>>> print(open('start-v2.txt').read())   # compact mmCIF, C-alpha atoms and all ligand atoms
# COMPACT_ATOMS: atom_id res chain seq x y z
CA SER A 54 97.51 205.47 -116.56
CA GLU A 55 98.20 207.28 -113.27
CA TYR A 56 94.44 207.59 -112.88
CA CYS A 57 93.92 203.86 -113.42
CA LYS A 58 96.57 203.15 -110.85
CA SER A 59 94.97 205.46 -108.29
CA LEU A 60 91.55 203.83 -108.63
CA PRO A 61 90.61 201.61 -105.65
CA LYS A 62 90.29 198.32 -107.50
CA ILE A 63 88.79 194.89 -106.99
CA GLU A 64 90.50 191.83 -108.50
CA LEU A 65 88.30 188.76 -108.82
CA HIS A 66 90.21 186.55 -111.27
CA ALA A 67 93.86 185.97 -110.37
CA HIS A 68 95.58 182.57 -110.42
CA LEU A 69 98.35 182.53 -107.83
CA THR A 70 101.06 180.83 -109.91
CA GLY A 71 100.23 182.82 -113.05
CA SER A 72 100.55 186.07 -111.10
CA LEU A 73 104.26 185.73 -110.31
CA SER A 74 106.31 188.79 -111.25
CA ASP A 75 109.67 188.60 -113.03
CA GLU A 76 111.41 189.38 -109.75
CA THR A 77 109.74 186.51 -107.94
CA VAL A 78 110.38 184.04 -110.77
CA LEU A 79 114.05 185.03 -110.93
CA LYS A 80 114.38 184.68 -107.17
CA LEU A 81 112.91 181.17 -107.33
CA LEU A 82 114.96 180.23 -110.40
CA ARG A 83 118.23 181.31 -108.80
CA ALA A 84 117.35 179.42 -105.62
CA LYS A 85 116.64 176.27 -107.66
CA GLN A 86 119.83 176.61 -109.67
CA ALA A 87 121.82 177.11 -106.47
CA GLU A 88 120.45 173.78 -105.26
CA GLY A 89 121.65 172.12 -108.48
CA GLY A 90 118.50 172.63 -110.55
CA ALA A 91 116.98 169.22 -109.84
CA ASN A 92 113.49 168.78 -111.29
CA LEU A 93 113.89 171.83 -113.54
CA PRO A 94 113.50 171.41 -117.33
CA GLN A 95 116.55 172.47 -119.40
CA SER A 96 114.53 175.04 -121.32
CA ALA A 97 112.98 176.62 -118.21
CA GLU A 98 114.68 179.99 -118.43
CA VAL A 99 113.79 180.49 -122.11
CA THR A 100 110.21 179.28 -121.77
CA ILE A 101 109.27 181.61 -118.95
CA GLN A 102 110.61 184.77 -120.58
CA ARG A 103 107.98 187.50 -120.51
CA GLY A 104 106.04 189.78 -122.73
CA HIS A 105 105.58 187.85 -125.93
CA LYS A 106 102.45 186.15 -127.15
CA ARG A 107 101.84 182.51 -126.38
CA THR A 108 99.10 180.18 -127.46
CA LEU A 109 96.92 178.78 -124.69
CA GLU A 110 98.78 175.47 -125.00
CA GLU A 111 102.12 177.26 -124.55
CA CYS A 112 100.73 179.00 -121.47
CA PHE A 113 100.08 175.62 -119.90
CA GLU A 114 103.71 174.70 -120.59
CA VAL A 115 104.74 177.87 -118.73
CA PHE A 116 102.56 176.85 -115.78
CA ARG A 117 104.25 173.44 -115.74
CA ILE A 118 107.65 175.09 -115.36
CA LEU A 119 106.42 177.60 -112.78
CA HIS A 120 105.05 174.67 -110.80
CA CYS A 121 108.56 173.12 -110.82
CA LEU A 122 109.84 176.35 -109.27
CA THR A 123 107.14 176.34 -106.60
CA ASP A 124 107.45 172.73 -105.44
CA ASN A 125 107.99 173.40 -101.72
CA LEU A 126 106.29 175.27 -98.89
CA SER A 127 108.94 177.94 -98.56
CA ALA A 128 108.42 178.87 -102.23
CA ILE A 129 104.63 178.90 -101.73
CA LYS A 130 105.00 181.31 -98.83
CA THR A 131 107.24 183.55 -100.94
CA ILE A 132 104.93 183.64 -103.94
CA ALA A 133 101.78 184.25 -101.91
CA ARG A 134 103.39 187.19 -100.12
CA ASP A 135 104.98 188.68 -103.23
CA VAL A 136 101.81 188.44 -105.31
CA ILE A 137 99.64 190.00 -102.59
CA GLN A 138 102.12 192.84 -102.04
CA GLU A 139 102.16 193.56 -105.77
CA PHE A 140 98.37 193.79 -105.85
CA VAL A 141 98.52 196.11 -102.82
CA ALA A 142 101.05 198.32 -104.63
CA ASP A 143 98.64 198.50 -107.57
CA ASN A 144 95.87 199.82 -105.26
CA VAL A 145 93.82 196.65 -105.17
CA ARG A 146 91.54 196.92 -102.13
CA TYR A 147 89.89 193.53 -102.42
CA LEU A 148 91.47 190.43 -103.91
CA GLU A 149 89.98 187.03 -104.61
CA LEU A 150 92.98 184.87 -105.22
CA ARG A 151 92.59 181.36 -106.63
CA THR A 152 94.92 178.42 -106.61
CA THR A 153 94.99 174.66 -107.19
CA PRO A 154 96.05 172.73 -104.07
CA LYS A 155 99.09 170.58 -104.81
CA SER A 156 100.76 167.74 -103.00
CA ILE A 157 104.26 166.37 -103.47
CA ASN A 158 105.17 163.11 -101.80
CA GLY A 159 107.29 163.71 -98.73
CA VAL A 160 107.42 167.48 -99.36
CA MET A 161 103.96 168.92 -98.90
CA THR A 162 100.32 167.90 -98.61
CA LYS A 163 97.42 169.78 -100.18
CA ASN A 164 96.46 170.89 -96.66
CA GLN A 165 99.90 172.33 -96.00
CA TYR A 166 99.84 174.06 -99.39
CA ILE A 167 96.53 175.78 -98.59
CA ASP A 168 97.55 176.51 -94.96
CA THR A 169 100.65 178.29 -96.24
CA VAL A 170 98.69 180.45 -98.69
CA LEU A 171 96.08 181.30 -96.02
CA GLU A 172 98.72 182.23 -93.42
CA ALA A 173 100.36 184.57 -95.95
CA MET A 174 96.94 186.13 -96.63
CA ILE A 175 96.37 186.70 -92.91
CA ASP A 176 99.83 188.24 -92.48
CA GLU A 177 99.40 190.61 -95.42
CA MET A 178 95.91 191.66 -94.34
CA LYS A 179 97.39 192.72 -90.99
CA LEU A 180 100.05 194.82 -92.69
CA ASN A 181 98.07 196.40 -95.53
CA THR A 182 94.68 197.90 -96.37
CA ILE A 183 93.49 194.97 -98.41
CA THR A 184 90.88 192.28 -97.89
CA ILE A 185 91.70 188.90 -99.39
CA ARG A 186 89.68 185.74 -99.94
CA LEU A 187 90.63 182.43 -101.51
CA LEU A 188 88.93 180.35 -104.17
CA ILE A 189 90.12 176.77 -104.30
CA SER A 190 90.71 175.71 -107.89
CA ILE A 191 89.75 172.45 -109.47
CA ASP A 192 91.92 171.66 -112.49
CA ARG A 193 89.69 170.10 -115.15
CA SER A 194 92.63 168.27 -116.69
CA ARG A 195 93.22 166.26 -113.51
CA GLY A 196 90.07 164.19 -113.56
CA LEU A 197 87.06 163.68 -111.36
CA ASP A 198 88.74 161.92 -108.42
CA ASP A 199 91.02 164.89 -107.90
CA ALA A 200 88.02 167.24 -108.15
CA TRP A 201 86.12 165.37 -105.41
CA ASP A 202 89.26 165.40 -103.32
CA THR A 203 89.61 169.17 -103.76
CA LEU A 204 85.95 169.70 -102.86
CA GLN A 205 86.48 167.66 -99.67
CA LEU A 206 89.37 169.96 -98.85
CA ALA A 207 87.33 173.10 -99.52
CA LYS A 208 84.54 171.82 -97.27
CA GLN A 209 87.03 171.11 -94.53
CA TYR A 210 88.38 174.67 -94.71
CA ALA A 211 84.92 176.20 -94.88
CA ALA A 212 84.32 174.72 -91.42
CA HIS A 213 87.81 175.45 -90.07
CA GLU A 214 87.99 177.52 -86.89
CA ARG A 215 90.85 179.79 -88.01
CA PHE A 216 90.29 179.89 -91.75
CA LYS A 217 86.57 179.53 -92.41
CA ASN A 218 85.95 183.14 -93.36
CA LEU A 219 88.80 183.17 -95.85
CA ILE A 220 87.57 180.52 -98.29
CA CYS A 221 84.70 181.83 -100.35
CA GLY A 222 84.30 179.34 -103.12
CA ILE A 223 85.49 177.03 -105.85
CA ASP A 224 86.99 177.80 -109.24
CA ILE A 225 87.19 175.41 -112.16
CA SER A 226 90.11 176.13 -114.44
CA GLY A 227 92.87 174.25 -116.27
CA ASN A 228 93.31 173.51 -119.95
CA PRO A 229 89.87 174.06 -121.55
CA ARG A 230 90.68 171.48 -124.20
CA ALA A 231 91.24 168.78 -121.58
CA GLY A 232 88.39 166.86 -120.00
CA ASN A 233 84.69 167.69 -120.16
CA LEU A 234 83.08 170.14 -117.73
CA VAL A 235 79.78 168.28 -117.88
CA GLU A 236 81.37 165.46 -115.89
CA TYR A 237 82.13 167.92 -113.10
CA ILE A 238 78.52 169.06 -112.64
CA PRO A 239 77.87 166.71 -109.67
CA VAL A 240 80.90 168.25 -107.92
CA LEU A 241 79.57 171.74 -108.60
CA ARG A 242 76.16 170.75 -107.27
CA GLU A 243 77.58 169.44 -104.03
CA ALA A 244 79.86 172.47 -103.61
CA LYS A 245 76.87 174.75 -104.00
CA GLN A 246 74.88 172.76 -101.44
CA CYS A 247 77.73 173.31 -98.99
CA GLY A 248 77.42 177.07 -99.39
CA LEU A 249 80.46 177.53 -101.61
CA LYS A 250 80.25 180.05 -104.44
CA LEU A 251 81.20 178.92 -107.94
CA SER A 252 83.35 180.64 -110.53
CA VAL A 253 83.82 178.54 -113.64
CA HIS A 254 86.06 179.09 -116.67
CA LEU A 255 83.47 178.79 -119.39
CA ALA A 256 83.53 179.13 -123.20
CA GLU A 257 87.18 180.14 -123.09
CA VAL A 258 87.45 178.25 -126.36
CA VAL A 259 84.53 177.29 -128.61
CA ASN A 260 82.54 174.52 -126.95
CA GLU A 261 78.86 175.25 -127.27
CA LYS A 262 77.61 171.90 -125.97
CA GLU A 263 79.61 171.99 -122.76
CA THR A 264 78.78 175.66 -122.15
CA LEU A 265 75.07 175.03 -122.65
CA GLU A 266 74.96 172.07 -120.25
CA VAL A 267 76.80 173.96 -117.53
CA LEU A 268 74.66 177.10 -117.88
CA LYS A 269 71.47 175.04 -117.73
CA THR A 270 72.37 173.82 -114.22
CA GLU A 271 71.80 177.36 -112.88
CA LEU A 272 74.60 176.74 -110.39
CA ILE A 273 77.21 179.21 -111.60
CA ASP A 274 77.85 182.46 -109.71
CA ARG A 275 80.50 183.96 -112.01
CA ILE A 276 81.92 183.07 -115.39
CA GLY A 277 85.65 183.22 -116.14
CA HIS A 278 86.23 184.63 -119.65
CA GLY A 279 82.97 183.52 -121.34
CA THR A 280 84.56 184.46 -124.65
CA PHE A 281 82.27 182.44 -126.93
CA ILE A 282 78.87 183.10 -125.36
CA HIS A 283 77.59 186.35 -126.90
CA PRO A 284 76.28 185.89 -130.46
CA GLU A 285 78.49 188.79 -131.60
CA THR A 286 81.63 186.90 -130.52
CA GLY A 287 80.99 183.36 -131.72
CA GLY A 288 78.34 182.28 -129.20
CA SER A 289 74.60 182.03 -129.66
CA GLN A 290 71.34 183.67 -128.68
CA GLU A 291 70.53 180.72 -126.42
CA LEU A 292 73.80 180.87 -124.49
CA MET A 293 73.61 184.64 -124.08
CA GLN A 294 70.01 184.46 -122.87
CA LEU A 295 70.88 181.86 -120.22
CA VAL A 296 73.63 184.13 -118.87
CA LYS A 297 71.41 187.20 -118.93
CA ASP A 298 68.39 185.51 -117.35
CA GLN A 299 70.55 184.33 -114.46
CA GLY A 300 72.45 187.62 -114.30
CA ILE A 301 75.81 185.85 -114.08
CA PRO A 302 78.69 188.36 -113.98
CA LEU A 303 81.65 187.84 -116.33
CA GLU A 304 85.30 188.10 -115.27
CA LEU A 305 87.05 189.63 -118.27
CA CYS A 306 90.81 189.50 -118.82
CA LEU A 307 91.76 191.37 -121.99
CA SER A 308 95.55 190.92 -122.13
CA SER A 309 95.24 187.25 -121.26
CA ASN A 310 92.75 186.58 -124.06
CA ILE A 311 94.63 188.66 -126.62
CA LYS A 312 98.08 187.30 -125.81
CA SER A 313 96.92 183.71 -125.67
CA GLY A 314 95.11 184.24 -128.95
CA THR A 315 91.50 183.40 -128.08
CA VAL A 316 90.55 187.00 -128.96
CA LYS A 317 92.08 188.83 -131.96
CA SER A 318 92.42 192.33 -130.55
CA ALA A 319 91.25 194.60 -127.75
CA GLU A 320 88.64 196.09 -130.12
CA ALA A 321 87.25 192.62 -130.82
CA HIS A 322 87.01 191.69 -127.14
CA HIS A 323 83.60 190.66 -125.81
CA PHE A 324 83.89 193.39 -123.13
CA SER A 325 82.22 195.75 -125.60
CA CYS A 326 79.09 193.72 -126.40
CA TRP A 327 78.32 192.76 -122.80
CA ARG A 328 78.89 196.32 -121.66
CA LYS A 329 76.66 197.64 -124.41
CA ASP A 330 73.95 195.29 -123.08
CA LYS A 331 74.60 196.63 -119.54
CA HIS A 332 75.45 193.14 -118.30
CA PRO A 333 77.67 192.97 -115.16
CA VAL A 334 81.35 192.58 -116.05
CA VAL A 335 84.50 192.94 -113.98
CA ILE A 336 87.97 193.70 -115.35
CA CYS A 337 90.61 191.24 -114.12
CA THR A 338 94.20 190.18 -114.82
CA ASP A 339 93.98 186.34 -114.90
CA ASP A 340 97.78 185.83 -114.77
CA LYS A 341 99.51 189.19 -114.36
CA GLY A 342 102.94 187.55 -114.50
CA VAL A 343 102.51 185.22 -117.44
CA PHE A 344 100.79 187.97 -119.43
CA SER A 345 103.01 190.74 -118.14
CA THR A 346 100.29 193.11 -116.99
CA THR A 347 98.72 194.76 -113.91
CA LEU A 348 95.10 195.45 -113.02
CA SER A 349 95.70 199.18 -113.63
CA GLU A 350 97.04 198.34 -117.07
CA GLU A 351 93.89 196.31 -117.84
CA TYR A 352 91.70 199.27 -116.84
CA LYS A 353 93.83 201.50 -119.05
CA ILE A 354 93.49 199.17 -122.04
CA CYS A 355 89.71 199.12 -121.58
CA ALA A 356 89.57 202.90 -121.17
CA GLU A 357 91.59 203.53 -124.34
CA THR A 358 89.94 200.89 -126.47
CA PHE A 359 86.34 201.57 -125.51
CA HIS A 360 86.65 205.34 -124.85
CA LEU A 361 85.67 205.08 -121.20
CA LYS A 362 85.50 208.26 -119.18
CA LYS A 363 86.74 208.65 -115.62
CA THR A 364 83.18 208.25 -114.35
CA ASP A 365 82.85 204.98 -116.28
CA LEU A 366 86.03 203.65 -114.67
CA ARG A 367 84.80 204.64 -111.22
CA GLU A 368 81.51 202.90 -111.87
CA LEU A 369 83.34 199.74 -112.96
CA CYS A 370 85.31 199.70 -109.70
CA LEU A 371 82.19 200.22 -107.63
CA ALA A 372 80.05 197.72 -109.55
CA ALA A 373 82.64 195.03 -108.83
CA VAL A 374 81.66 195.11 -105.14
CA GLU A 375 78.36 193.39 -105.98
CA MET A 376 80.18 190.65 -107.91
CA THR A 377 82.43 189.60 -105.02
CA PHE A 378 81.72 186.42 -103.08
CA LEU A 379 81.46 188.34 -99.79
CA SER A 380 78.47 188.34 -97.46
CA GLN A 381 76.04 191.28 -97.71
CA GLU A 382 77.53 192.85 -94.62
CA GLU A 383 81.08 192.54 -95.93
CA LYS A 384 80.00 193.98 -99.29
CA ASP A 385 78.50 196.98 -97.52
CA ARG A 386 81.77 197.58 -95.73
CA LEU A 387 83.83 197.18 -98.90
CA ARG A 388 81.53 199.56 -100.77
CA GLN A 389 82.13 202.19 -98.09
CA THR A 390 85.90 201.76 -98.43
CA ILE A 391 85.78 202.03 -102.22
CA LEU A 392 83.46 205.06 -102.10
CA LYS A 393 85.70 206.82 -99.61
CA ASP A 394 88.76 206.21 -101.81
CA LEU A 395 86.91 207.31 -104.94
CA ASP A 396 85.93 210.54 -103.20
CA LYS A 397 89.59 211.41 -102.79
CA LEU A 398 90.17 211.18 -106.54
CA THR A 399 89.66 214.12 -108.86
P1 LIG B 1 97.79 177.84 -109.67
O1 LIG B 1 96.45 177.19 -109.54
O2 LIG B 1 98.88 176.83 -109.79
O3 LIG B 1 98.06 178.84 -108.59
O4 LIG B 1 97.78 178.72 -111.00
C1 LIG B 1 98.05 178.18 -112.28
C2 LIG B 1 96.91 177.32 -112.80
O5 LIG B 1 95.77 178.14 -113.03
C3 LIG B 1 97.19 176.68 -114.14
O6 LIG B 1 97.86 175.47 -114.01
C4 LIG B 1 95.77 176.50 -114.72
O7 LIG B 1 95.17 175.34 -114.19
C5 LIG B 1 95.04 177.69 -114.17
N1 LIG B 1 95.02 178.81 -115.16
C6 LIG B 1 95.78 179.92 -115.14
N2 LIG B 1 95.47 180.72 -116.18
C7 LIG B 1 94.48 180.10 -116.86
C8 LIG B 1 93.74 180.46 -118.03
O8 LIG B 1 93.92 181.50 -118.67
N3 LIG B 1 92.80 179.57 -118.43
C9 LIG B 1 92.56 178.41 -117.75
N4 LIG B 1 91.59 177.61 -118.20
N5 LIG B 1 93.24 178.05 -116.66
C10 LIG B 1 94.19 178.88 -116.21
>>> encode(input="start-v2.txt", output="structure tokens", more="lines below")
Ligand code: 5GP
Amino acid sequence: SEYCKSLPKIELHAHLTGSLSDETVLKLLRAKQAEGGANLPQSAEVTIQRGHKRTLEECFEVFRILHCLTDNLSAIKTIARDVIQEFVADNVRYLELRTTPKSINGVMTKNQYIDTVLEAMIDEMKLNTITIRLLISIDRSRGLDDAWDTLQLAKQYAAHERFKNLICGIDISGNPRAGNLVEYIPVLREAKQCGLKLSVHLAEVVNEKETLEVLKTELIDRIGHGTFIHPETGGSQELMQLVKDQGIPLELCLSSNIKSGTVKSAEAHHFSCWRKDKHPVVICTDDKGVFSTTLSEEYKICAETFHLKKTDLRELCLAAVEMTFLSQEEKDRLRQTILKDLDKLT
């Protein structure tokens, strides 16, 4: 596990609010309670307790409570800083953070929310050896109007003098049982035309029709989870072939899938079949707080479960460079950094 920690890692699938550590959540909870606990559900403290398994539906209930704790700009600044510093401490050299812009009447606008996260990223990049980019999340449970609104926002930032290099794309996440991704395809198409990269949560639960329609668009740059795509894990030959033909990398989050119950065990995780086929995969945390994990821990679980050697782990770290949403020049620079750090390891 020390070895996994010392590896120079790349994190490509981390939701800001889901990444909050116990310390950060307690800090926010105490602050809320000190203010009288307005807006906080009675059961908040019990619901957010760590470590145990939750169904995917229960996870979304946890997010709802965490969002109550992060309903102001000062809290957003705190969580962005804390989460980034924790990834730094875990030897993450490149982080693509993702978050859903939120507005609260009279408290914050979506622009202020994103500004606050971006300023924290800039501050932490000055202080640490980490490069950070942001994916703006569209929540599929919020409907199409909100999605268009979020895309507008992303476009605005992509042209912003101070921030333009920091936004690298769009993520679609949110409860996979809510809404229909097919309806969001026009949004994806426009995002792509504007030069934004696309990472989409796909086949997180069984939904062959939706998955097929989205893959056929040939718009997707990375897949989040992709649990039910490979025929060996409940998908189909057709779905797998579409992913392979387009060479779409998969962001794989073992603890998240196991704890939320979409995958039975580490052994049964689709990491093994895609790896066996030599398809590009990247190990990620998803929500390191909600699922009580770290990126090092995820590497360790993969190493133990699939008997990976040190050289395999190094190759996984290095291969992730190609899956980032950086420009070719930035990838070259990141590869040099990772190689230099790997050289120092024994
Ligand atoms: P935020 O966008 O507020 O920073 O992070 C929390 C949000 O990320 C959740 O409300 C949800 O929309 C999304 N999210 C976090 N984890 C998952 C996951 O495992 N699956 C899906 N589909 N969405 C997730």
>>> residues_near_ligand(input="start-v2.txt", ligand="ligand LIG 1 (chain B)", cutoff="7 Å", atoms="all atoms listed in the file", output="number ranges by chain")
A: 68-71, 113, 116-117, 120, 151-153, 190, 192, 226-229, 254, 309, 339-340
>>> atom_distance(input="start-v2.txt", atom1="CA of Ile301 in chain A", atom2="CA of Phe344 in chain A")
25.6 Å
>>> atom_distance(input="start-v2.txt", atom1="CA of Leu369 in chain A", atom2="CA of Asp396 in chain A")
14.8 Å
>>> atom_distance(input="start-v2.txt", atom1="CA of Glu304 in chain A", atom2="CA of His213 in chain A")
28.3 Å
>>> closest_residue(input="start-v2.txt", among="A:Gly159, A:Ala173, A:Glu383, A:His66", to="Leu303 in chain A", atoms="only C-alpha atoms")
A:His66
>>> residues_near_point(input="start-v2.txt", point="(92.1, 196.4, -129.2)", cutoff="12 Å", atoms="all atoms listed in the file", output="MDAnalysis selection string")
chainID A and resid 307:308 310:312 316:325 351 353:360
>>> closest_residue(input="start-v2.txt", among="A:Met376, A:Ile183, A:Ala87, A:Ala212", to="Asn144 in chain A", atoms="all atoms listed in the file")
A:Ile183
>>> residues_around(input="start-v2.txt", residues="Leu268 in chain A", least_positions_apart="2", cutoff="12 Å", atoms="only C-alpha atoms", output="PyMOL selection string")
chain A and resi 234-235+238+241+252-256+261-266+270-276+279+282+291-301
>>> write_last_selection(input="start-v2.txt", atoms="C-alpha atoms", output="PDB file, keeping the file's coordinate frame")
ATOM      1  CA  LEU A 234      83.080 170.140-117.730  1.00  0.00           C
ATOM      2  CA  VAL A 235      79.780 168.280-117.880  1.00  0.00           C
ATOM      3  CA  ILE A 238      78.520 169.060-112.640  1.00  0.00           C
ATOM      4  CA  LEU A 241      79.570 171.740-108.600  1.00  0.00           C
ATOM      5  CA  SER A 252      83.350 180.640-110.530  1.00  0.00           C
ATOM      6  CA  VAL A 253      83.820 178.540-113.640  1.00  0.00           C
ATOM      7  CA  HIS A 254      86.060 179.090-116.670  1.00  0.00           C
ATOM      8  CA  LEU A 255      83.470 178.790-119.390  1.00  0.00           C
ATOM      9  CA  ALA A 256      83.530 179.130-123.200  1.00  0.00           C
ATOM     10  CA  GLU A 261      78.860 175.250-127.270  1.00  0.00           C
ATOM     11  CA  LYS A 262      77.610 171.900-125.970  1.00  0.00           C
ATOM     12  CA  GLU A 263      79.610 171.990-122.760  1.00  0.00           C
ATOM     13  CA  THR A 264      78.780 175.660-122.150  1.00  0.00           C
ATOM     14  CA  LEU A 265      75.070 175.030-122.650  1.00  0.00           C
ATOM     15  CA  GLU A 266      74.960 172.070-120.250  1.00  0.00           C
ATOM     16  CA  THR A 270      72.370 173.820-114.220  1.00  0.00           C
ATOM     17  CA  GLU A 271      71.800 177.360-112.880  1.00  0.00           C
ATOM     18  CA  LEU A 272      74.600 176.740-110.390  1.00  0.00           C
ATOM     19  CA  ILE A 273      77.210 179.210-111.600  1.00  0.00           C
ATOM     20  CA  ASP A 274      77.850 182.460-109.710  1.00  0.00           C
ATOM     21  CA  ARG A 275      80.500 183.960-112.010  1.00  0.00           C
ATOM     22  CA  ILE A 276      81.920 183.070-115.390  1.00  0.00           C
ATOM     23  CA  GLY A 279      82.970 183.520-121.340  1.00  0.00           C
ATOM     24  CA  ILE A 282      78.870 183.100-125.360  1.00  0.00           C
ATOM     25  CA  GLU A 291      70.530 180.720-126.420  1.00  0.00           C
ATOM     26  CA  LEU A 292      73.800 180.870-124.490  1.00  0.00           C
ATOM     27  CA  MET A 293      73.610 184.640-124.080  1.00  0.00           C
ATOM     28  CA  GLN A 294      70.010 184.460-122.870  1.00  0.00           C
ATOM     29  CA  LEU A 295      70.880 181.860-120.220  1.00  0.00           C
ATOM     30  CA  VAL A 296      73.630 184.130-118.870  1.00  0.00           C
ATOM     31  CA  LYS A 297      71.410 187.200-118.930  1.00  0.00           C
ATOM     32  CA  ASP A 298      68.390 185.510-117.350  1.00  0.00           C
ATOM     33  CA  GLN A 299      70.550 184.330-114.460  1.00  0.00           C
ATOM     34  CA  GLY A 300      72.450 187.620-114.300  1.00  0.00           C
ATOM     35  CA  ILE A 301      75.810 185.850-114.080  1.00  0.00           C
TER      36      ILE A 301
END
>>> closest_residue(input="start-v2.txt", among="A:Thr347, A:Gln165, A:Asn181, A:Thr77", to="Thr131 in chain A", atoms="all atoms listed in the file")
A:Thr77
>>> residues_around(input="start-v2.txt", residues="Glu76 in chain A", least_positions_apart="4", cutoff="12 Å", atoms="only C-alpha atoms", output="ChimeraX atom specification")
/A:72,80-83,102-103,131-132,135-136,139,342,345
>>> closest_residue(input="start-v2.txt", among="A:Ala84, A:Ala133, A:Val267, A:Leu371", to="Asp385 in chain A", atoms="all atoms listed in the file")
A:Leu371
>>> closest_residue(input="start-v2.txt", among="A:Leu392, A:Phe216, A:Asp365, A:Leu206", to="Glu172 in chain A", atoms="all atoms listed in the file")
A:Phe216
>>> build_atoms(input="start-v2.txt", residues="range 209-227 of chain A", atoms="N, CA and C atoms", output="PDB file, keeping the file's coordinate frame")
ATOM      1  N   GLN A 209      86.288 171.158 -95.790  1.00  0.00           N
ATOM      2  CA  GLN A 209      87.030 171.110 -94.530  1.00  0.00           C
ATOM      3  C   GLN A 209      87.435 172.528 -94.090  1.00  0.00           C
ATOM      4  N   TYR A 210      87.937 173.311 -95.039  1.00  0.00           N
ATOM      5  CA  TYR A 210      88.380 174.670 -94.710  1.00  0.00           C
ATOM      6  C   TYR A 210      87.204 175.589 -94.414  1.00  0.00           C
ATOM      7  N   ALA A 211      86.089 175.349 -95.094  1.00  0.00           N
ATOM      8  CA  ALA A 211      84.920 176.200 -94.880  1.00  0.00           C
ATOM      9  C   ALA A 211      84.384 176.045 -93.461  1.00  0.00           C
ATOM     10  N   ALA A 212      84.765 174.948 -92.801  1.00  0.00           N
ATOM     11  CA  ALA A 212      84.320 174.720 -91.420  1.00  0.00           C
ATOM     12  C   ALA A 212      85.460 174.903 -90.419  1.00  0.00           C
ATOM     13  N   HIS A 213      86.597 175.346 -90.888  1.00  0.00           N
ATOM     14  CA  HIS A 213      87.810 175.450 -90.070  1.00  0.00           C
ATOM     15  C   HIS A 213      87.738 176.654 -89.129  1.00  0.00           C
ATOM     16  N   GLU A 214      88.099 176.459 -87.886  1.00  0.00           N
ATOM     17  CA  GLU A 214      87.990 177.520 -86.890  1.00  0.00           C
ATOM     18  C   GLU A 214      88.740 178.796 -87.313  1.00  0.00           C
ATOM     19  N   ARG A 215      90.006 178.626 -87.706  1.00  0.00           N
ATOM     20  CA  ARG A 215      90.850 179.790 -88.010  1.00  0.00           C
ATOM     21  C   ARG A 215      90.612 180.358 -89.411  1.00  0.00           C
ATOM     22  N   PHE A 216      90.281 179.485 -90.343  1.00  0.00           N
ATOM     23  CA  PHE A 216      90.290 179.890 -91.750  1.00  0.00           C
ATOM     24  C   PHE A 216      88.923 180.049 -92.409  1.00  0.00           C
ATOM     25  N   LYS A 217      87.854 179.685 -91.702  1.00  0.00           N
ATOM     26  CA  LYS A 217      86.570 179.530 -92.410  1.00  0.00           C
ATOM     27  C   LYS A 217      86.099 180.771 -93.166  1.00  0.00           C
ATOM     28  N   ASN A 218      86.426 181.936 -92.659  1.00  0.00           N
ATOM     29  CA  ASN A 218      85.950 183.140 -93.360  1.00  0.00           C
ATOM     30  C   ASN A 218      86.777 183.485 -94.598  1.00  0.00           C
ATOM     31  N   LEU A 219      87.883 182.790 -94.773  1.00  0.00           N
ATOM     32  CA  LEU A 219      88.800 183.170 -95.850  1.00  0.00           C
ATOM     33  C   LEU A 219      88.545 182.432 -97.162  1.00  0.00           C
ATOM     34  N   ILE A 220      87.854 181.303 -97.072  1.00  0.00           N
ATOM     35  CA  ILE A 220      87.570 180.520 -98.290  1.00  0.00           C
ATOM     36  C   ILE A 220      86.167 180.898 -98.744  1.00  0.00           C
ATOM     37  N   CYS A 221      86.042 181.419 -99.956  1.00  0.00           N
ATOM     38  CA  CYS A 221      84.700 181.830-100.350  1.00  0.00           C
ATOM     39  C   CYS A 221      84.118 181.009-101.481  1.00  0.00           C
ATOM     40  N   GLY A 222      84.897 180.131-102.053  1.00  0.00           N
ATOM     41  CA  GLY A 222      84.300 179.340-103.120  1.00  0.00           C
ATOM     42  C   GLY A 222      85.269 178.460-103.867  1.00  0.00           C
ATOM     43  N   ILE A 223      84.759 177.973-105.000  1.00  0.00           N
ATOM     44  CA  ILE A 223      85.490 177.030-105.850  1.00  0.00           C
ATOM     45  C   ILE A 223      85.626 177.650-107.237  1.00  0.00           C
ATOM     46  N   ASP A 224      86.766 177.399-107.845  1.00  0.00           N
ATOM     47  CA  ASP A 224      86.990 177.800-109.240  1.00  0.00           C
ATOM     48  C   ASP A 224      87.228 176.527-110.032  1.00  0.00           C
ATOM     49  N   ILE A 225      86.751 176.507-111.280  1.00  0.00           N
ATOM     50  CA  ILE A 225      87.190 175.410-112.160  1.00  0.00           C
ATOM     51  C   ILE A 225      87.995 176.039-113.280  1.00  0.00           C
ATOM     52  N   SER A 226      89.250 175.608-113.381  1.00  0.00           N
ATOM     53  CA  SER A 226      90.110 176.130-114.440  1.00  0.00           C
ATOM     54  C   SER A 226      90.915 174.977-115.045  1.00  0.00           C
ATOM     55  N   GLY A 227      92.075 175.273-115.584  1.00  0.00           N
ATOM     56  CA  GLY A 227      92.870 174.250-116.270  1.00  0.00           C
ATOM     57  C   GLY A 227      92.579 174.252-117.760  1.00  0.00           C
TER      58      GLY A 227
END
